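Here is the structure we will look at, set down as structure tokens.
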Number of protein chains: 4
Amino acid sequence: MAQDIGVIGVGMIGQEHIRRLDGGPGGSRVVAVADADAERAAAVAGGLPAAKALPTGEELIASDAVDAVVVTSWGPTHEQYVLACLAAGRPVFCEKPLATTQEAARRIVDAEVAAGRRLVQVGFNRRYDPAHRALKAAVDGGAIGAPLLVHCAHRNASVPPHYTRDMSIADTAIHEIDELRWLLGQEIVAVQVLAPRRSSRGGELQDPLLVLFETADGVLVDVEVSVNIHYGYEIRCEVSGETGTVQLADPAPVHIRREGAVAGLVPADWRERFALSYDIELREWLDTLAGARLPLGPSAWDGYAAQVVSDAALQSLHSGGRVSIELPPRPGLYATPTAW
Amino acid sequence: MAQDIGVIGVGMIGQEHIRRLDGGPGGSRVVAVADADAERAAAVAGGLPAAKALPTGEELIASDAVDAVVVTSWGPTHEQYVLACLAAGRPVFCEKPLATTQEAARRIVDAEVAAGRRLVQVGFNRRYDPAHRALKAAVDGGAIGAPLLVHCAHRNASVPPHYTRDMSIADTAIHEIDELRWLLGQEIVAVQVLAPRRSSRGGELQDPLLVLFETADGVLVDVEVSVNIHYGYEIRCEVSGETGTVQLADPAPVHIRREGAVAGLVPADWRERFALSYDIELREWLDTLAGARLPLGPSAWDGYAAQVVSDAALQSLHSGGRVSIELPPRPGLYATPTAW
Amino acid sequence: MAQDIGVIGVGMIGQEHIRRLDGGPGGSRVVAVADADAERAAAVAGGLPAAKALPTGEELIASDAVDAVVVTSWGPTHEQYVLACLAAGRPVFCEKPLATTQEAARRIVDAEVAAGRRLVQVGFNRRYDPAHRALKAAVDGGAIGAPLLVHCAHRNASVPPHYTRDMSIADTAIHEIDELRWLLGQEIVAVQVLAPRRSSRGGELQDPLLVLFETADGVLVDVEVSVNIHYGYEIRCEVSGETGTVQLADPAPVHIRREGAVAGLVPADWRERFALSYDIELREWLDTLAGARLPLGPSAWDGYAAQVVSDAALQSLHSGGRVSIELPPRPGLYATPTAW
Amino acid sequence: MAQDIGVIGVGMIGQEHIRRLDGGPGGSRVVAVADADAERAAAVAGGLPAAKALPTGEELIASDAVDAVVVTSWGPTHEQYVLACLAAGRPVFCEKPLATTQEAARRIVDAEVAAGRRLVQVGFNRRYDPAHRALKAAVDGGAIGAPLLVHCAHRNASVPPHYTRDMSIADTAIHEIDELRWLLGQEIVAVQVLAPRRSSRGGELQDPLLVLFETADGVLVDVEVSVNIHYGYEIRCEVSGETGTVQLADPAPVHIRREGAVAGLVPADWRERFALSYDIELREWLDTLAGARLPLGPSAWDGYAAQVVSDAALQSLHSGGRVSIELPPRPGLYATPTAW
């Protein structure tokens, strides 16, 4: 069944998602947009065959024309829009982060639990990357025995001048936080952030970082976060288990022999590396809305849990020590295996 | 603009394409189906929200409800349906082969030239595989200098009992024929098929084959065609140029270390290997119908030229010698660079 | 100039080295052997063209027939033999560890400094592995900018029943300790050992471990030590620098496609993986004895420093916390760049 | 038992082998050298601890001081020295080619057969490369079933101005000729040389070539010979069998991530790529002389057979057609399995 979608926040990522949603899989259409910048909303709506610009996100959420909502506005506004969707009974896809504080995320979880049904999906796109899915399939299939250690690297060629040390955790490592919870099917119970020698490429920025996570079952994870590594954008992960390991392969589609080397090209940025994962993420969300029995996507609980871990990591980054994490019990609404 | 599509032939590949077309990119719908097996047509139509089963392909083509046609019927019927589409002025996507004889393919070319506009696209999906596109981009971008030699392998784990020696050319190597013409931007001017020792796995079937192609510019290509190689499905290609080479990388998304080896999984068959290329192929076809200025897909001329080369290869397979190929001049309708 | 070598300790590793030394590069011969097991000494001598069995290591060291000594006896005896060599002015190649306590290693350093010339080489064979040399060459050549982070894995398929948790550090990770000092050209200033979930394959053994090292310049290193990982023996290392990374490639010489996978074989154990490094190590030692101006091999200082770091790692393993390391100043005897 | 070696021809390759032989494995020494250039012979002898320069190769062969002879002189002189060694009963290692005509090679075979024992080894070093040995081990071990097709590439970055088209066969592809006979354990029964578009980098030189070989069992082989490919030196080989394939892996010891690519370095030339194979080749030859029961190295028959195939390939290169090859029966002296 085709879906009529409203999009709140039509900046870069919003416009990218609109491209995927309008006339996209399942015959969905974007029928309404809203943005703090009314001119931008009007311009984007004008470029779409069936969309109106509405003055506010709240009016969009209330509109009868809208079957489901995508929230791609500025992070601090996520809470209000997601809560409004829950109040209106609208399915909502909210880009990460679900909220900018764990308290705000918790309020969303509580509201959804009170409503009694799952309406919120958070935009953790790693779970839709075919390579990450193959990684999880190998782990879940028992190819390597029980996982014991994980090594990850999250590398950006460069970051803009306004990028801060805290963003290495809250905006960057947040992806690994969700990925690890999903990949291992466990909560993270402790975190420690270590700061090695600083790269001269990042000015005063503390870059890179090494983030250590411990899971409920005792799996130990180390994540290199490098945000100025110049050579390109790369995501790496190897899981070491009792009898073997599985790791992401280099994604280069061809190997070129020239000038004394055999080389595969590295993506320039996350858009290039993960374009397909966004396609799949939104297609599966639309399919789920249309009634397909797919594994549920990242939930409000996942968004909340990630926020709690991210906050703990920030605390460790500031204090230097290991920080324990205690999540409240997971509500029954999120207890099904599909929650992962 | 959303497209209403009619599909003629709803066997396996037809149903796969319907899955991509109905409620697919651009808001397209499948509104009509036809099949030699009327019950199957009815069943498939019954499973779609907006489709009717029509008694014949001709009636489907004539229907005002249909914006464009997909032909996925039995090969020998392709000619009649494509010619009917041309007569009706309907855009048509015809699965390969365009026709089962070069004479039939030529009749289609002539009809399209007479009609004076490009309506036909042939389903050579390799051109839509991201890895093959990266291969062509490297060649076209000058990374390896002028191409001189190409080495390909086309390997199937196994083939059904009815598979014949001629099918190694007409059904299997036909993909390399189109790929090489597209990749190198040149016609093939000679072909020779060599038969090595026969695999004991194929019974009486002459398998594998080594097919040599020469292009207009003198590029020499050798293609291993192995259709019973057991280990899996794999497509390989390396282009050797004046200053380097470029080749397809292994597509395995993860590497697993277990039992004494580091291994990447090989796809079981072409469906697994090329699923994404079919998605892109049909999405771009729909986008082109909707007016997007994309490079044109494989044309009737491409279908005809591939058939001529395939026929020459069959002649070589039967006679053992090198066979020269002379194509008639390419009509102006197909002269634009987008034709590749 | 050919060298006449005496070997103290003719167990497995001793006999392997004899095979490399007798009639080996530079025309060297093994002319004397000694072993706590006199029968074994006699048997080994009997199998060599020019060797005598001597009753004790001390007599071997004192023998005028011996140009240089190789110590491959039981670890706790290393100190006495190396000190005797220093007293006698004999060049000595001592298998790792130089001594089993840092105090013993320090006594050797002091004796060599007092003697005023470099006579001792320690058997850290990683420095002679062509892949590790290529790794260091890339780092030293500036290919990746200043190193900031290092990720290593040291994996054994299995260990014998008598293997203890402490041996994961003192016998296994000791190789990384020396490798990192050599690779980065810096001392290690702190260490912390973390214990993840225990592999069920190792019984009561705490396996794997994650060892964190910090160097004088602030490079942060994490080392996975897995000694029961079943799939094979593997050594991995990636250095992340300011502008890129360099890592050891898989050493498999061929890739086999069969049974649904593309696979490279993994070595079964360290003998298979590092055979060539031992060849080069002893050949270069003999060449150095013969006067060749090669970079000096691992020194008594290197053996001492590794022991100090290993002791600190054991302390962390037992206590759980981060342990700082303060080495005394490096004596001038070891100050030349060739010391690395 | 240590061997005293005489070396005839002390140009570049002669001097490289002397470095491996003098004071090399097994305690061998170079005790005599001879060269057409007497001054060069004297200079080389002067740099060795135990060598005399002798006026002629014949005198060297006759000298009682010499246990075995290495012939690294100019190709056209090989026949006379090898025949003299056979007459004198001296083991001889002759660099490839065994002789410059098949008639000359045949005279050597006949002389050795008449002498009734194997004294001649030919310097086909590929058989000693660990990667090529792993390739053969996989084929012989049945990992891929019976071999059916082989694809090789032999690439040089550049060749000197005096290099001719015929040398692409007689000096370059000769390595593949021996390798294929050894790898497959069969004689080559036909050859055809095809010339694609010429690289503009080689001036008037016909480069590259594609050489097709057929073996007695019907295995079909294609070899790309590119001698001006600029990017580096590379040897590739993939054997396709009934159930899988095996191929040489890239030999790069490390992978470097920088400037938008993941890259492995390619060797600059054959010296860099095959240094280890020469070490092993001469060490095993010395070990065989000393009585070790190793597989015998490439024989005079191998040298002769390679020459016959090379001549046939040259005939095809000049005539353009397929050339059949009929070897005379292999003499019983070369019948043992160790001959491969």
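Just remember, in the structure tokens the first chain shown is A, the second B, etc., residues are 1-based per chain, and ligands are 1-based in the order shown.
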* Asked: Contacts of Phe93 in chain C at 12 Å or less, counting only C-alpha atoms, minus same-chain residues fewer than 3 places along, as a PyMOL selection string?
  -> chain C and resi 5-8+14+17+21+67-73+78+81-82+85-86+90+96-98+118-125+281-286+288-289+297-300+303
Given the selection you just returned, output its residues as a file containing N, CA and C atoms, formatted as a compact mmCIF listing (two decimals), in the first residue's frame.
```txt
# COMPACT_ATOMS: atom_id res chain seq x y z
N ILE C 5 80.62 -22.00 15.55
CA ILE C 5 79.60 -21.66 16.53
C ILE C 5 79.46 -22.78 17.56
N GLY C 6 79.25 -22.35 18.81
CA GLY C 6 78.87 -23.29 19.85
C GLY C 6 77.42 -23.04 20.25
N VAL C 7 76.67 -24.12 20.47
CA VAL C 7 75.25 -23.99 20.79
C VAL C 7 74.98 -24.61 22.16
N ILE C 8 74.43 -23.80 23.05
CA ILE C 8 74.10 -24.28 24.40
C ILE C 8 72.59 -24.49 24.48
N GLY C 14 66.83 -25.15 19.57
CA GLY C 14 68.27 -25.27 19.38
C GLY C 14 68.59 -26.07 18.13
N HIS C 17 67.92 -24.09 15.00
CA HIS C 17 68.95 -23.09 14.73
C HIS C 17 70.23 -23.77 14.23
N LEU C 21 72.64 -22.98 11.10
CA LEU C 21 74.00 -22.48 11.36
C LEU C 21 75.08 -23.37 10.80
N ASP C 67 83.95 -19.49 18.03
CA ASP C 67 84.02 -18.06 17.72
C ASP C 67 82.87 -17.28 18.35
N ALA C 68 81.71 -17.92 18.38
CA ALA C 68 80.53 -17.23 18.89
C ALA C 68 79.55 -18.28 19.42
N VAL C 69 78.64 -17.82 20.28
CA VAL C 69 77.79 -18.75 21.02
C VAL C 69 76.31 -18.45 20.75
N VAL C 70 75.54 -19.52 20.65
CA VAL C 70 74.08 -19.40 20.57
C VAL C 70 73.50 -20.04 21.82
N VAL C 71 72.68 -19.28 22.53
CA VAL C 71 72.06 -19.79 23.76
C VAL C 71 70.59 -20.11 23.49
N THR C 72 70.27 -21.37 23.49
CA THR C 72 68.88 -21.80 23.28
C THR C 72 68.49 -22.79 24.38
N SER C 73 69.07 -22.57 25.54
CA SER C 73 68.77 -23.42 26.69
C SER C 73 67.48 -22.93 27.38
N HIS C 78 69.56 -18.58 30.90
CA HIS C 78 70.12 -17.63 29.94
C HIS C 78 71.13 -16.69 30.59
N TYR C 81 74.76 -17.96 31.14
CA TYR C 81 75.53 -18.20 29.92
C TYR C 81 75.88 -16.89 29.22
N VAL C 82 74.92 -15.96 29.19
CA VAL C 82 75.20 -14.69 28.52
C VAL C 82 76.28 -13.93 29.30
N CYS C 85 79.57 -15.41 28.50
CA CYS C 85 80.04 -14.98 27.18
C CYS C 85 80.64 -13.58 27.26
N LEU C 86 79.96 -12.69 27.98
CA LEU C 86 80.48 -11.33 28.11
C LEU C 86 81.84 -11.36 28.80
N ARG C 90 82.96 -13.29 24.13
CA ARG C 90 82.37 -14.03 23.00
C ARG C 90 81.08 -13.37 22.53
N LYS C 96 65.05 -15.40 22.90
CA LYS C 96 64.22 -14.67 23.86
C LYS C 96 63.65 -15.66 24.86
N PRO C 97 63.50 -15.26 26.12
CA PRO C 97 63.84 -13.97 26.68
C PRO C 97 65.33 -13.91 27.01
N LEU C 98 65.83 -12.68 27.05
CA LEU C 98 67.23 -12.51 27.45
C LEU C 98 67.44 -13.08 28.84
N ARG C 118 79.36 -4.12 22.21
CA ARG C 118 78.14 -4.88 22.00
C ARG C 118 78.48 -6.30 21.58
N LEU C 119 78.13 -7.24 22.41
CA LEU C 119 78.38 -8.65 22.10
C LEU C 119 77.08 -9.47 22.06
N VAL C 120 76.02 -8.93 22.64
CA VAL C 120 74.79 -9.71 22.84
C VAL C 120 73.72 -9.36 21.79
N GLN C 121 73.14 -10.38 21.20
CA GLN C 121 71.94 -10.18 20.38
C GLN C 121 70.82 -11.08 20.92
N VAL C 122 69.61 -10.51 20.98
CA VAL C 122 68.47 -11.26 21.49
C VAL C 122 67.59 -11.72 20.33
N GLY C 123 67.02 -12.91 20.47
CA GLY C 123 66.29 -13.53 19.36
C GLY C 123 64.87 -13.04 19.17
N PHE C 124 64.71 -11.76 18.93
CA PHE C 124 63.38 -11.25 18.57
C PHE C 124 63.26 -11.29 17.05
N ASN C 125 62.66 -12.37 16.55
CA ASN C 125 62.73 -12.63 15.11
C ASN C 125 61.79 -11.78 14.26
N GLU C 281 67.33 -13.89 10.25
CA GLU C 281 67.87 -13.45 11.54
C GLU C 281 69.28 -14.04 11.75
N LEU C 282 69.40 -15.35 11.57
CA LEU C 282 70.70 -15.97 11.84
C LEU C 282 71.70 -15.66 10.74
N ARG C 283 71.22 -15.54 9.49
CA ARG C 283 72.14 -15.18 8.42
C ARG C 283 72.72 -13.79 8.67
N GLU C 284 71.86 -12.86 9.08
CA GLU C 284 72.36 -11.50 9.33
C GLU C 284 73.26 -11.46 10.56
N TRP C 285 72.96 -12.26 11.56
CA TRP C 285 73.84 -12.31 12.73
C TRP C 285 75.23 -12.81 12.31
N LEU C 286 75.24 -13.88 11.51
CA LEU C 286 76.53 -14.40 11.03
C LEU C 286 77.24 -13.35 10.17
N THR C 288 76.95 -10.16 10.39
CA THR C 288 77.46 -9.10 11.27
C THR C 288 78.75 -9.56 11.94
N LEU C 289 78.76 -10.79 12.43
CA LEU C 289 79.99 -11.34 13.01
C LEU C 289 81.13 -11.27 12.01
N GLY C 297 71.26 -6.01 15.46
CA GLY C 297 70.05 -6.71 15.88
C GLY C 297 69.62 -6.27 17.26
N PRO C 298 68.56 -6.90 17.77
CA PRO C 298 68.05 -6.56 19.11
C PRO C 298 69.15 -6.75 20.15
N SER C 299 69.33 -5.72 20.96
CA SER C 299 70.46 -5.69 21.89
C SER C 299 70.04 -6.19 23.28
N ALA C 300 71.03 -6.29 24.17
CA ALA C 300 70.74 -6.58 25.57
C ALA C 300 69.78 -5.54 26.14
N GLY C 303 66.43 -6.48 25.12
CA GLY C 303 65.95 -7.60 25.94
C GLY C 303 65.53 -7.14 27.32
```
In range 143-338 of chain D, DSSP strand (DSSP E) residues written as a compact mmCIF listing (two decimals) with C-alpha atoms, in the first residue's frame:
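Okay, this is what ended up in part_23.txt:
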```
# COMPACT_ATOMS: atom_id res chain seq x y z
CA PRO D 147 42.82 -28.82 -14.55
CA LEU D 148 41.09 -27.71 -17.73
CA LEU D 149 42.19 -24.14 -18.44
CA VAL D 150 45.06 -21.95 -17.32
CA HIS D 151 45.36 -18.18 -17.56
CA CYS D 152 48.77 -16.56 -17.09
CA ALA D 153 50.21 -13.10 -17.39
CA HIS D 154 53.90 -12.26 -17.60
CA ARG D 155 54.40 -8.52 -17.32
CA ILE D 188 52.80 -29.11 -24.60
CA VAL D 189 51.53 -30.36 -27.96
CA ALA D 190 50.55 -27.20 -29.81
CA VAL D 191 51.03 -23.46 -29.65
CA GLN D 192 49.59 -20.37 -31.30
CA VAL D 193 50.76 -16.80 -30.89
CA LEU D 194 48.26 -13.96 -31.38
CA LEU D 209 51.31 -11.00 -27.28
CA LEU D 210 48.77 -13.63 -26.36
CA VAL D 211 50.22 -17.13 -26.48
CA LEU D 212 47.95 -20.18 -26.49
CA PHE D 213 49.29 -23.57 -25.46
CA GLU D 214 47.60 -26.96 -25.59
CA THR D 215 48.84 -29.85 -23.47
CA LEU D 220 44.24 -25.00 -22.85
CA VAL D 221 46.44 -22.17 -21.64
CA ASP D 222 46.50 -18.50 -22.54
CA VAL D 223 49.46 -16.35 -21.58
CA GLU D 224 49.50 -12.58 -21.76
CA VAL D 225 53.06 -11.43 -22.44
CA SER D 226 53.38 -7.68 -21.86
CA GLU D 234 54.02 -9.12 -12.24
CA ILE D 235 53.52 -12.82 -12.77
CA ARG D 236 49.99 -14.12 -12.58
CA CYS D 237 48.52 -17.57 -12.98
CA GLU D 238 45.10 -19.08 -12.40
CA VAL D 239 44.33 -22.75 -13.03
CA SER D 240 40.65 -23.57 -13.63
CA GLY D 241 39.73 -27.13 -12.83
CA THR D 245 40.36 -22.72 -9.39
CA VAL D 246 43.63 -21.75 -7.76
CA GLN D 247 45.59 -18.61 -8.47
CA LEU D 248 48.67 -16.78 -7.32
CA VAL D 254 51.67 -4.79 3.39
CA HIS D 255 48.69 -2.70 2.36
CA ILE D 256 48.98 1.04 2.57
CA ARG D 257 45.97 3.33 2.87
CA ARG D 258 46.76 6.78 1.60
CA ALA D 261 43.35 4.21 -2.06
CA VAL D 262 44.26 0.94 -0.38
CA ALA D 263 47.36 -0.24 -2.18
CA GLY D 264 49.92 -2.99 -2.27
CA LEU D 265 53.24 -2.28 -3.91
CA VAL D 323 51.84 -25.07 -34.74
CA SER D 324 51.77 -28.69 -33.57
```
Chain C residues near chain A within 7 Å, closest pair each, using only C-alpha atoms, as a Markdown table:
```
| residue | atom | partner | partner_atom | distance |
| --- | --- | --- | --- | --- |
| C:Leu148 | CA | A:Arg197 | CA | 5.7 |
| C:Pro196 | CA | A:Leu220 | CA | 5.2 |
| C:Arg197 | CA | A:Gly218 | CA | 4.5 |
| C:Ser199 | CA | A:Glu242 | CA | 5.6 |
| C:Arg201 | CA | A:Glu242 | CA | 6.9 |
| C:Asp217 | CA | A:Arg197 | CA | 6.8 |
| C:Gly218 | CA | A:Arg197 | CA | 4.5 |
| C:Val219 | CA | A:Pro196 | CA | 5.6 |
| C:Leu220 | CA | A:Pro196 | CA | 5.3 |
| C:Ile229 | CA | A:Thr243 | CA | 4.8 |
| C:His230 | CA | A:Thr243 | CA | 5.0 |
| C:Tyr231 | CA | A:Gly244 | CA | 5.5 |
| C:Glu242 | CA | A:Ile229 | CA | 5.6 |
| C:Thr243 | CA | A:Ile229 | CA | 4.8 |
| C:Gly244 | CA | A:Tyr231 | CA | 5.5 |
```
* Structure fact -> CA of Leu205 in chain A to CA of Leu184 in chain C measures 23.3 Å
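The nearest approach to Arg165 in chain A among the residues A:Ile13, A:Ala36, A:Leu314, A:Ala131, with only C-alpha atoms taken into account, belongs to A:Leu314.
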* Give me, please, the distance in Å between CA of Ala275 in chain C and CA of Asp129 in chain D, quoted to one decimal. =>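 Atom-to-atom, CA of Ala275 in chain C and CA of Asp129 in chain D are spaced 15.1 Å apart.
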* Between CA of Val33 in chain B and CA of Leu60 in chain B, distance in Å (one decimal) ->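 Computing it gives 7.1 Å between the two atoms.
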* To do: Identify, on the basis of only C-alpha atoms, every residue whose closest approach to Ala305 in chain B does not exceed 10 Å; exclude the query and any residue fewer than 3 positions from it along the same chain; express the result as a PyMOL selection string.
  => chain B and resi 102+105-106+177-178+181+187-188+299-302+308-311+325-328+330
Those same residues - C-alpha atoms - I'd like them written as an mmCIF file, in the first residue's frame.
```
data_model
loop_
_atom_site.group_PDB
_atom_site.id
_atom_site.type_symbol
_atom_site.label_atom_id
_atom_site.label_comp_id
_atom_site.auth_asym_id
_atom_site.auth_seq_id
_atom_site.Cartn_x
_atom_site.Cartn_y
_atom_site.Cartn_z
ATOM 1 C CA GLN B 102 20.098 -11.977 -36.205
ATOM 2 C CA ALA B 105 16.926 -8.622 -34.543
ATOM 3 C CA ARG B 106 17.669 -6.787 -37.757
ATOM 4 C CA ILE B 177 29.606 -9.966 -25.985
ATOM 5 C CA ASP B 178 27.497 -7.013 -24.938
ATOM 6 C CA ARG B 181 31.203 -3.827 -26.868
ATOM 7 C CA GLU B 187 32.428 -3.492 -32.389
ATOM 8 C CA ILE B 188 33.753 -7.057 -32.361
ATOM 9 C CA SER B 299 19.560 -0.422 -27.757
ATOM 10 C CA ALA B 300 18.009 -2.577 -30.447
ATOM 11 C CA TRP B 301 21.281 -2.066 -32.288
ATOM 12 C CA ASP B 302 23.151 -3.499 -29.316
ATOM 13 C CA VAL B 308 25.515 -11.237 -34.986
ATOM 14 C CA VAL B 309 28.595 -11.880 -32.851
ATOM 15 C CA SER B 310 26.892 -14.759 -31.076
ATOM 16 C CA ASP B 311 25.984 -16.348 -34.414
ATOM 17 C CA ILE B 325 32.275 -10.454 -38.542
ATOM 18 C CA GLU B 326 31.040 -7.628 -40.692
ATOM 19 C CA LEU B 327 28.268 -5.551 -39.341
ATOM 20 C CA PRO B 328 26.367 -3.236 -41.645
ATOM 21 C CA ARG B 330 25.324 1.571 -37.662
#
```
* Which of range 246-291 of chain C counts as helix (DSSP H, G or I) under DSSP, as a PyMOL selection string please? -> chain C and resi 270-289
* To do: Name the residues in contact with Ala41 in chain A at a cut-off of 12 Å, using only C-alpha atoms, excluding same-chain residues fewer than 3 positions from it; report them as a ChimeraX atom specification.
  => /A:6-11,14-15,32-38,44-48,51-57,60,73
Since we have the selection now, will you write its residues out, keeping C-alpha atoms, as a JSON list (two decimals), in the first residue's frame?
```
[["chain", "number", "residue", "atom", "x", "y", "z"],
["A", 6, "GLY", "CA", 5.49, 14.19, 5.50],
["A", 7, "VAL", "CA", 9.04, 15.38, 6.03],
["A", 8, "ILE", "CA", 10.02, 17.79, 8.80],
["A", 9, "GLY", "CA", 13.37, 19.44, 8.15],
["A", 10, "VAL", "CA", 14.45, 19.69, 4.53],
["A", 11, "GLY", "CA", 18.16, 20.39, 4.77],
["A", 14, "GLY", "CA", 16.11, 15.70, 4.48],
["A", 15, "GLN", "CA", 16.37, 16.36, 0.77],
["A", 32, "ALA", "CA", 3.95, 17.61, 2.94],
["A", 33, "VAL", "CA", 7.14, 19.29, 4.12],
["A", 34, "ALA", "CA", 7.92, 21.69, 6.91],
["A", 35, "ASP", "CA", 11.06, 23.55, 7.85],
["A", 36, "ALA", "CA", 12.15, 26.29, 10.23],
["A", 37, "ASP", "CA", 13.13, 28.09, 7.03],
["A", 38, "ALA", "CA", 9.74, 28.57, 5.35],
["A", 44, "VAL", "CA", 11.49, 21.93, -1.80],
["A", 45, "ALA", "CA", 7.73, 21.43, -1.98],
["A", 46, "GLY", "CA", 7.68, 23.25, -5.29],
["A", 47, "GLY", "CA", 10.10, 20.73, -6.75],
["A", 48, "LEU", "CA", 7.89, 17.79, -5.84],
["A", 51, "ALA", "CA", 3.88, 18.12, -1.82],
["A", 52, "LYS", "CA", 2.66, 21.14, 0.10],
["A", 53, "ALA", "CA", 4.76, 23.23, 2.44],
["A", 54, "LEU", "CA", 3.14, 23.50, 5.86],
["A", 55, "PRO", "CA", 4.02, 26.22, 8.36],
["A", 56, "THR", "CA", 5.06, 23.97, 11.24],
["A", 57, "GLY", "CA", 6.02, 20.40, 11.96],
["A", 60, "LEU", "CA", 2.29, 18.52, 9.29],
["A", 73, "SER", "CA", 15.23, 18.54, 11.42]]
```
